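Next comes model_30.pdb, a file with PDB, C-alpha atoms and all ligand atoms.
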ATOM      1  CA  MET A1265      14.699 170.378  53.594  1.00  0.00           C
ATOM      2  CA  ILE A1266      17.406 169.277  51.223  1.00  0.00           C
ATOM      3  CA  TYR A1267      16.162 168.529  47.724  1.00  0.00           C
ATOM      4  CA  PRO A1268      17.872 166.148  45.317  1.00  0.00           C
ATOM      5  CA  ILE A1269      19.439 167.959  42.364  1.00  0.00           C
ATOM      6  CA  VAL A1270      17.964 167.438  38.922  1.00  0.00           C
ATOM      7  CA  VAL A1271      20.681 166.518  36.417  1.00  0.00           C
ATOM      8  CA  TYR A1272      21.334 166.962  32.720  1.00  0.00           C
ATOM      9  CA  GLY A1273      18.747 165.318  30.501  1.00  0.00           C
ATOM     10  CA  ASP A1274      15.725 166.283  32.579  1.00  0.00           C
ATOM     11  CA  PRO A1275      13.367 168.456  30.490  1.00  0.00           C
ATOM     12  CA  VAL A1276      12.753 170.842  33.420  1.00  0.00           C
ATOM     13  CA  LEU A1277      16.264 172.209  32.854  1.00  0.00           C
ATOM     14  CA  ARG A1278      15.260 173.170  29.308  1.00  0.00           C
ATOM     15  CA  GLN A1279      12.025 174.978  30.104  1.00  0.00           C
ATOM     16  CA  ARG A1280      11.684 178.719  30.367  1.00  0.00           C
ATOM     17  CA  ALA A1281      10.552 179.036  33.986  1.00  0.00           C
ATOM     18  CA  LYS A1282       7.396 180.935  34.956  1.00  0.00           C
ATOM     19  CA  ASP A1283       7.135 184.029  37.132  1.00  0.00           C
ATOM     20  CA  ILE A1284       6.120 183.541  40.759  1.00  0.00           C
ATOM     21  CA  GLU A1285       2.922 185.287  41.800  1.00  0.00           C
ATOM     22  CA  LYS A1286       3.913 188.508  43.507  1.00  0.00           C
ATOM     23  CA  GLY A1287       3.615 188.396  47.275  1.00  0.00           C
ATOM     24  CA  SER A1288       3.355 184.622  47.561  1.00  0.00           C
ATOM     25  CA  ASP A1289       5.023 183.025  50.545  1.00  0.00           C
ATOM     26  CA  ILE A1290       8.234 181.449  49.329  1.00  0.00           C
ATOM     27  CA  THR A1291      10.226 181.859  52.538  1.00  0.00           C
ATOM     28  CA  GLN A1292      10.437 178.105  53.061  1.00  0.00           C
ATOM     29  CA  LEU A1293      11.348 177.415  49.435  1.00  0.00           C
ATOM     30  CA  ILE A1294      14.179 179.957  49.588  1.00  0.00           C
ATOM     31  CA  ALA A1295      15.459 178.511  52.864  1.00  0.00           C
ATOM     32  CA  ASP A1296      15.332 175.001  51.373  1.00  0.00           C
ATOM     33  CA  MET A1297      17.184 176.128  48.277  1.00  0.00           C
ATOM     34  CA  HIS A1298      19.941 177.689  50.398  1.00  0.00           C
ATOM     35  CA  GLU A1299      20.161 174.490  52.434  1.00  0.00           C
ATOM     36  CA  THR A1300      20.258 172.330  49.294  1.00  0.00           C
ATOM     37  CA  MET A1301      22.929 174.511  47.702  1.00  0.00           C
ATOM     38  CA  GLN A1302      25.106 174.467  50.816  1.00  0.00           C
ATOM     39  CA  ALA A1303      24.812 170.703  51.193  1.00  0.00           C
ATOM     40  CA  ALA A1304      25.994 170.323  47.596  1.00  0.00           C
ATOM     41  CA  HIS A1305      28.754 172.936  48.033  1.00  0.00           C
ATOM     42  CA  GLY A1306      27.303 175.077  45.264  1.00  0.00           C
ATOM     43  CA  ILE A1307      27.571 178.854  44.957  1.00  0.00           C
ATOM     44  CA  GLY A1308      24.329 179.213  43.046  1.00  0.00           C
ATOM     45  CA  LEU A1309      21.133 177.220  42.620  1.00  0.00           C
ATOM     46  CA  ALA A1310      18.126 177.876  40.408  1.00  0.00           C
ATOM     47  CA  ALA A1311      14.640 176.497  41.120  1.00  0.00           C
ATOM     48  CA  PRO A1312      14.563 174.284  37.978  1.00  0.00           C
ATOM     49  CA  GLN A1313      17.537 172.411  39.470  1.00  0.00           C
ATOM     50  CA  ILE A1314      15.232 171.125  42.196  1.00  0.00           C
ATOM     51  CA  GLY A1315      12.524 170.392  39.658  1.00  0.00           C
ATOM     52  CA  LYS A1316      10.536 173.603  40.069  1.00  0.00           C
ATOM     53  CA  SER A1317      10.034 175.589  36.892  1.00  0.00           C
ATOM     54  CA  VAL A1318       9.773 179.025  38.520  1.00  0.00           C
ATOM     55  CA  ARG A1319      11.861 182.150  38.164  1.00  0.00           C
ATOM     56  CA  LEU A1320      13.905 182.046  41.332  1.00  0.00           C
ATOM     57  CA  PHE A1321      17.538 181.496  42.130  1.00  0.00           C
ATOM     58  CA  VAL A1322      19.758 181.797  45.166  1.00  0.00           C
ATOM     59  CA  VAL A1323      23.454 182.560  45.384  1.00  0.00           C
ATOM     60  CA  ASP A1324      25.973 182.239  48.184  1.00  0.00           C
ATOM     61  CA  ALA A1325      29.589 182.949  47.359  1.00  0.00           C
ATOM     62  CA  THR A1326      30.488 184.012  50.880  1.00  0.00           C
ATOM     63  CA  THR A1327      32.701 180.978  51.415  1.00  0.00           C
ATOM     64  CA  LEU A1328      34.327 181.005  47.990  1.00  0.00           C
ATOM     65  CA  GLU A1329      38.094 181.106  48.455  1.00  0.00           C
ATOM     66  CA  PRO A1330      40.218 183.096  46.020  1.00  0.00           C
ATOM     67  CA  GLU A1331      42.692 181.097  43.970  1.00  0.00           C
ATOM     68  CA  GLU A1332      46.176 180.867  45.364  1.00  0.00           C
ATOM     69  CA  GLY A1333      48.274 183.911  44.549  1.00  0.00           C
ATOM     70  CA  GLU A1334      45.176 185.935  43.677  1.00  0.00           C
ATOM     71  CA  GLU A1335      44.133 186.820  47.220  1.00  0.00           C
ATOM     72  CA  ASP A1336      45.081 190.482  46.839  1.00  0.00           C
ATOM     73  CA  GLU A1337      43.084 191.276  43.737  1.00  0.00           C
ATOM     74  CA  ALA A1338      40.199 188.954  44.572  1.00  0.00           C
ATOM     75  CA  GLU A1339      36.836 190.690  44.826  1.00  0.00           C
ATOM     76  CA  ASP A1340      34.976 190.782  48.085  1.00  0.00           C
ATOM     77  CA  LEU A1341      32.230 188.167  47.913  1.00  0.00           C
ATOM     78  CA  SER A1342      31.615 188.050  51.658  1.00  0.00           C
ATOM     79  CA  ASP A1343      28.214 189.743  51.300  1.00  0.00           C
ATOM     80  CA  PHE A1344      27.068 187.858  48.231  1.00  0.00           C
ATOM     81  CA  LYS A1345      24.283 185.717  49.637  1.00  0.00           C
ATOM     82  CA  LYS A1346      20.888 186.497  48.182  1.00  0.00           C
ATOM     83  CA  ALA A1347      17.719 185.341  46.515  1.00  0.00           C
ATOM     84  CA  PHE A1348      16.592 186.693  43.154  1.00  0.00           C
ATOM     85  CA  ILE A1349      12.858 186.409  42.504  1.00  0.00           C
ATOM     86  CA  ASN A1350      11.331 187.033  39.057  1.00  0.00           C
ATOM     87  CA  PRO A1351      14.621 188.514  37.894  1.00  0.00           C
ATOM     88  CA  GLN A1352      15.113 190.267  34.605  1.00  0.00           C
ATOM     89  CA  ILE A1353      18.529 190.993  33.182  1.00  0.00           C
ATOM     90  CA  ILE A1354      18.178 194.451  31.684  1.00  0.00           C
ATOM     91  CA  GLU A1355      21.619 194.818  30.210  1.00  0.00           C
ATOM     92  CA  GLU A1356      24.924 193.023  29.896  1.00  0.00           C
ATOM     93  CA  SER A1357      27.993 195.062  29.024  1.00  0.00           C
ATOM     94  CA  GLY A1358      31.761 195.080  29.037  1.00  0.00           C
ATOM     95  CA  GLU A1359      34.352 192.756  27.594  1.00  0.00           C
ATOM     96  CA  PRO A1360      33.602 189.051  27.649  1.00  0.00           C
ATOM     97  CA  TRP A1361      36.037 187.119  29.863  1.00  0.00           C
ATOM     98  CA  ALA A1362      36.469 183.388  30.113  1.00  0.00           C
ATOM     99  CA  PHE A1363      36.353 181.380  33.317  1.00  0.00           C
ATOM    100  CA  GLU A1364      35.970 177.698  34.085  1.00  0.00           C
ATOM    101  CA  GLU A1365      32.388 177.047  35.146  1.00  0.00           C
ATOM    102  CA  GLY A1366      30.702 174.049  36.631  1.00  0.00           C
ATOM    103  CA  CYS A1367      27.099 173.241  37.470  1.00  0.00           C
ATOM    104  CA  LEU A1368      25.493 171.030  40.116  1.00  0.00           C
ATOM    105  CA  SER A1369      23.218 169.664  37.370  1.00  0.00           C
ATOM    106  CA  ILE A1370      26.222 168.639  35.247  1.00  0.00           C
ATOM    107  CA  PRO A1371      28.449 167.006  37.869  1.00  0.00           C
ATOM    108  CA  ASN A1372      32.223 166.677  37.470  1.00  0.00           C
ATOM    109  CA  LEU A1373      32.418 168.693  34.293  1.00  0.00           C
ATOM    110  CA  ARG A1374      34.084 172.091  34.093  1.00  0.00           C
ATOM    111  CA  GLU A1375      34.629 174.187  30.984  1.00  0.00           C
ATOM    112  CA  ASN A1376      35.603 177.716  30.076  1.00  0.00           C
ATOM    113  CA  VAL A1377      32.709 180.030  29.339  1.00  0.00           C
ATOM    114  CA  ALA A1378      33.063 183.619  28.158  1.00  0.00           C
ATOM    115  CA  ARG A1379      30.581 186.068  29.649  1.00  0.00           C
ATOM    116  CA  LYS A1380      30.315 189.838  29.624  1.00  0.00           C
ATOM    117  CA  GLU A1381      31.802 191.658  32.595  1.00  0.00           C
ATOM    118  CA  THR A1382      28.800 193.608  33.884  1.00  0.00           C
ATOM    119  CA  VAL A1383      25.140 192.884  34.385  1.00  0.00           C
ATOM    120  CA  ARG A1384      22.213 195.099  35.315  1.00  0.00           C
ATOM    121  CA  ILE A1385      19.402 193.141  36.917  1.00  0.00           C
ATOM    122  CA  LYS A1386      15.928 193.910  38.210  1.00  0.00           C
ATOM    123  CA  TYR A1387      14.402 191.481  40.691  1.00  0.00           C
ATOM    124  CA  TYR A1388      12.398 191.085  43.870  1.00  0.00           C
ATOM    125  CA  ASN A1389      14.199 190.200  47.059  1.00  0.00           C
ATOM    126  CA  GLU A1390      12.766 187.786  49.642  1.00  0.00           C
ATOM    127  CA  ASN A1391      10.646 190.601  51.098  1.00  0.00           C
ATOM    128  CA  TRP A1392       9.105 191.249  47.681  1.00  0.00           C
ATOM    129  CA  GLU A1393      10.913 194.567  47.391  1.00  0.00           C
ATOM    130  CA  LEU A1394      11.761 195.510  43.823  1.00  0.00           C
ATOM    131  CA  LYS A1395      15.502 196.065  43.296  1.00  0.00           C
ATOM    132  CA  GLU A1396      17.606 197.177  40.389  1.00  0.00           C
ATOM    133  CA  GLU A1397      21.338 196.605  40.771  1.00  0.00           C
ATOM    134  CA  VAL A1398      24.545 196.376  38.807  1.00  0.00           C
ATOM    135  CA  TYR A1399      27.057 193.585  39.366  1.00  0.00           C
ATOM    136  CA  ASP A1400      30.348 192.770  37.757  1.00  0.00           C
ATOM    137  CA  GLY A1401      33.097 190.187  37.825  1.00  0.00           C
ATOM    138  CA  MET A1402      32.399 186.940  39.623  1.00  0.00           C
ATOM    139  CA  LYS A1403      29.060 188.140  41.015  1.00  0.00           C
ATOM    140  CA  ALA A1404      27.883 188.963  37.492  1.00  0.00           C
ATOM    141  CA  ARG A1405      29.055 185.564  36.261  1.00  0.00           C
ATOM    142  CA  ILE A1406      27.172 183.685  38.975  1.00  0.00           C
ATOM    143  CA  ILE A1407      24.040 185.714  38.228  1.00  0.00           C
ATOM    144  CA  GLN A1408      24.365 185.100  34.484  1.00  0.00           C
ATOM    145  CA  HIS A1409      24.831 181.356  35.004  1.00  0.00           C
ATOM    146  CA  GLU A1410      21.807 181.079  37.325  1.00  0.00           C
ATOM    147  CA  TYR A1411      19.697 183.355  35.159  1.00  0.00           C
ATOM    148  CA  ASP A1412      20.418 181.061  32.218  1.00  0.00           C
ATOM    149  CA  HIS A1413      18.900 178.208  34.225  1.00  0.00           C
ATOM    150  CA  ILE A1414      15.521 179.925  34.475  1.00  0.00           C
ATOM    151  CA  GLU A1415      15.705 180.587  30.733  1.00  0.00           C
ATOM    152  CA  GLY A1416      16.277 176.872  30.076  1.00  0.00           C
ATOM    153  CA  LYS A1417      19.912 177.363  29.198  1.00  0.00           C
ATOM    154  CA  LEU A1418      23.037 175.546  30.440  1.00  0.00           C
ATOM    155  CA  PHE A1419      26.690 176.569  30.360  1.00  0.00           C
ATOM    156  CA  ILE A1420      27.557 173.755  27.957  1.00  0.00           C
ATOM    157  CA  ASP A1421      25.366 175.501  25.351  1.00  0.00           C
ATOM    158  CA  TYR A1422      28.212 178.006  24.940  1.00  0.00           C
ATOM    159  CA  LEU A1423      30.781 175.388  23.985  1.00  0.00           C
ATOM    160  CA  SER A1424      31.976 174.787  20.436  1.00  0.00           C
ATOM    161  CA  PRO A1425      30.359 171.942  18.442  1.00  0.00           C
ATOM    162  CA  PHE A1426      33.717 170.159  18.675  1.00  0.00           C
ATOM    163  CA  LYS A1427      33.846 170.404  22.471  1.00  0.00           C
ATOM    164  CA  LYS A1428      30.206 169.316  22.703  1.00  0.00           C
ATOM    165  CA  ARG A1429      30.943 166.218  20.648  1.00  0.00           C
ATOM    166  CA  LEU A1430      33.827 165.357  22.970  1.00  0.00           C
ATOM    167  CA  LEU A1431      31.542 165.613  26.002  1.00  0.00           C
ATOM    168  CA  LYS A1432      28.643 163.666  24.527  1.00  0.00           C
ATOM    169  CA  GLY A1433      29.517 160.412  26.279  1.00  0.00           C
ATOM    170  CA  LYS A1434      30.006 162.076  29.652  1.00  0.00           C
ATOM    171  CA  LEU A1435      26.668 163.870  29.347  1.00  0.00           C
ATOM    172  CA  ALA A1436      24.901 160.652  28.365  1.00  0.00           C
ATOM    173  CA  ASP A1437      26.376 158.986  31.460  1.00  0.00           C
ATOM    174  CA  ILE A1438      25.110 161.800  33.688  1.00  0.00           C
ATOM    175  CA  THR A1439      21.603 161.384  32.249  1.00  0.00           C
ATOM    176  CA  LYS A1440      21.757 157.670  33.068  1.00  0.00           C
ATOM    177  CA  GLY A1441      22.921 158.452  36.597  1.00  0.00           C
ATOM    178  CA  LYS A1442      26.367 157.021  35.962  1.00  0.00           C
ATOM    179  CA  VAL A1443      28.100 159.789  37.868  1.00  0.00           C
ATOM    180  CA  ASN A1444      29.612 160.213  41.307  1.00  0.00           C
ATOM    181  CA  THR A1445      28.384 163.053  43.466  1.00  0.00           C
ATOM    182  CA  ASP A1446      28.550 163.767  47.172  1.00  0.00           C
ATOM    183  CA  TYR A1447      24.974 165.078  47.010  1.00  0.00           C
ATOM    184  CA  ARG A1448      21.696 163.428  46.118  1.00  0.00           C
ATOM    185  CA  ILE A1449      20.565 163.634  42.497  1.00  0.00           C
ATOM    186  CA  THR A1450      17.362 162.880  40.597  1.00  0.00           C
ATOM    187  CA  ILE A1451      18.019 160.804  37.495  1.00  0.00           C
ATOM    188  CA  PRO A1452      15.906 161.816  34.470  1.00  0.00           C
ATOM    189  CA  LYS A1453      13.113 159.343  33.642  1.00  0.00           C
TER     190      LYS A1453
HETATM  191 NI    NI B   1      24.222 175.581  37.041  1.00  0.00          NI
END

Can the structure from this file be put into structure tokens for me?
Ligand code: NI
Amino acid sequence: MIYPIVVYGDPVLRQRAKDIEKGSDITQLIADMHETMQAAHGIGLAAPQIGKSVRLFVVDATTLEPEEGEEDEAEDLSDFKKAFINPQIIEESGEPWAFEEGCLSIPNLRENVARKETVRIKYYNENWELKEEVYDGMKARIIQHEYDHIEGKLFIDYLSPFKKRLLKGKLADITKGKVNTDYRITIPK
């Protein structure tokens, strides 16, 4: 089932999401989130973005194409399709690097965000097996962005007050549903 995507202005995006009871059957929810993300051409989707305030996000960067001219040094993302349940970022390290991010909940807006290079994360996979792994580069960035969602944080929170003021009108339009997307959205009440 493809869910509509909750957009900027909906309070669910600002809540700290709750843990999922260990062992509960979320197979269908995970499958639906993957389907929703693919339909919207996203590379990550957190449960609050479909209106569910629980600590779960999915990622799929397997179809992400490297930028032109950067094919050689591009990291291998072909295996980066996963679900992170009740995740906990244990440590972030390394030099912050900037990259233009976007978000399905903030359509048609992309801005540079600096994030640390490496992340250590503990989480349950879809079989409720506890994992602890280290990611860096683009994988770390996707994880950090999605993790922020379950903490009630959005990438625009990192922008300067000046930049935020410039975007105010655009954000207000998104909240009113005055935005073009090729996927279904839920307009905040
Ligand atoms: Ni996002």

Restricting the calculation to only C-alpha atoms, which member of A:Lys1403, A:Lys1428, A:Lys1434, A:Arg1384 is positioned closest to Ala1338 (chain A)?
-> A:Lys1403

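A search radius of 10 Å centred on (8.1, 174.4, 38.4), applied to all atoms listed in the file, returns the residues Val1276, Gln1279, Arg1280, Ala1281, Lys1282, Asp1283, Ile1284, Ala1311, Pro1312, Gln1313, Ile1314, Gly1315, Lys1316, Ser1317, Val1318 and Arg1319 of chain A.
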
Please identify every residue of chain A that has at least one atom no farther than 8 Å from an atom of ligand NI 1 (chain B), counting all atoms listed in the file, and for each give the shortest atom pair and the distance in Å to one decimal, arranged by chain then increasing number, as CSV.
residue,atom,partner,partner_atom,distance
A:Gly1308,CA,B:NI1,NI,7.0
A:Leu1309,CA,B:NI1,NI,6.6
A:Ala1310,CA,B:NI1,NI,7.3
A:Gln1313,CA,B:NI1,NI,7.8
A:Gly1366,CA,B:NI1,NI,6.7
A:Cys1367,CA,B:NI1,NI,3.7
A:Leu1368,CA,B:NI1,NI,5.6
A:Ser1369,CA,B:NI1,NI,6.0
A:Ile1370,CA,B:NI1,NI,7.4
A:His1409,CA,B:NI1,NI,6.2
A:Glu1410,CA,B:NI1,NI,6.0
A:His1413,CA,B:NI1,NI,6.6
A:Leu1418,CA,B:NI1,NI,6.7
A:Phe1419,CA,B:NI1,NI,7.2

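Listed by chain and then by number, the residues chosen by the PyMOL selection byres (((chain A and resi 1377-1379) around 6) and not hetatm) in this file are Pro1360, Trp1361, Ala1362, Phe1363, Asn1376 and Lys1380 of chain A.
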
What would the file look like if the residues just selected were written as a short mmCIF file (atom, residue, chain, number, x, y, z; two decimals), keeping the file's coordinate frame with C-alpha atoms?
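Output contents, as saved in again05.cif:
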data_model
loop_
_atom_site.label_atom_id
_atom_site.label_comp_id
_atom_site.auth_asym_id
_atom_site.auth_seq_id
_atom_site.Cartn_x
_atom_site.Cartn_y
_atom_site.Cartn_z
CA PRO A 1360 33.60 189.05 27.65
CA TRP A 1361 36.04 187.12 29.86
CA ALA A 1362 36.47 183.39 30.11
CA PHE A 1363 36.35 181.38 33.32
CA ASN A 1376 35.60 177.72 30.08
CA LYS A 1380 30.32 189.84 29.62
#

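Here the question is which of A:Arg1405, A:Glu1339, A:Glu1356, A:Pro1452 gets nearest to Asp1437 (chain A) using all atoms listed in the file, and that residue is A:Pro1452.
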
Among listed residues A:Glu1365, A:Glu1355, A:Asp1296, A:Asp1274, nearest Ile1420 (chain A) (using all atoms listed in the file) | A:Glu1365

Step by step, work through what the PyMOL selection byres (((chain A and resi 1387) around 6) and not hetatm) selects in the shown file, and finish by giving those residues as a VMD selection string.
-> chain A and resid 1348 to 1351 1386 1388 1394 to 1395
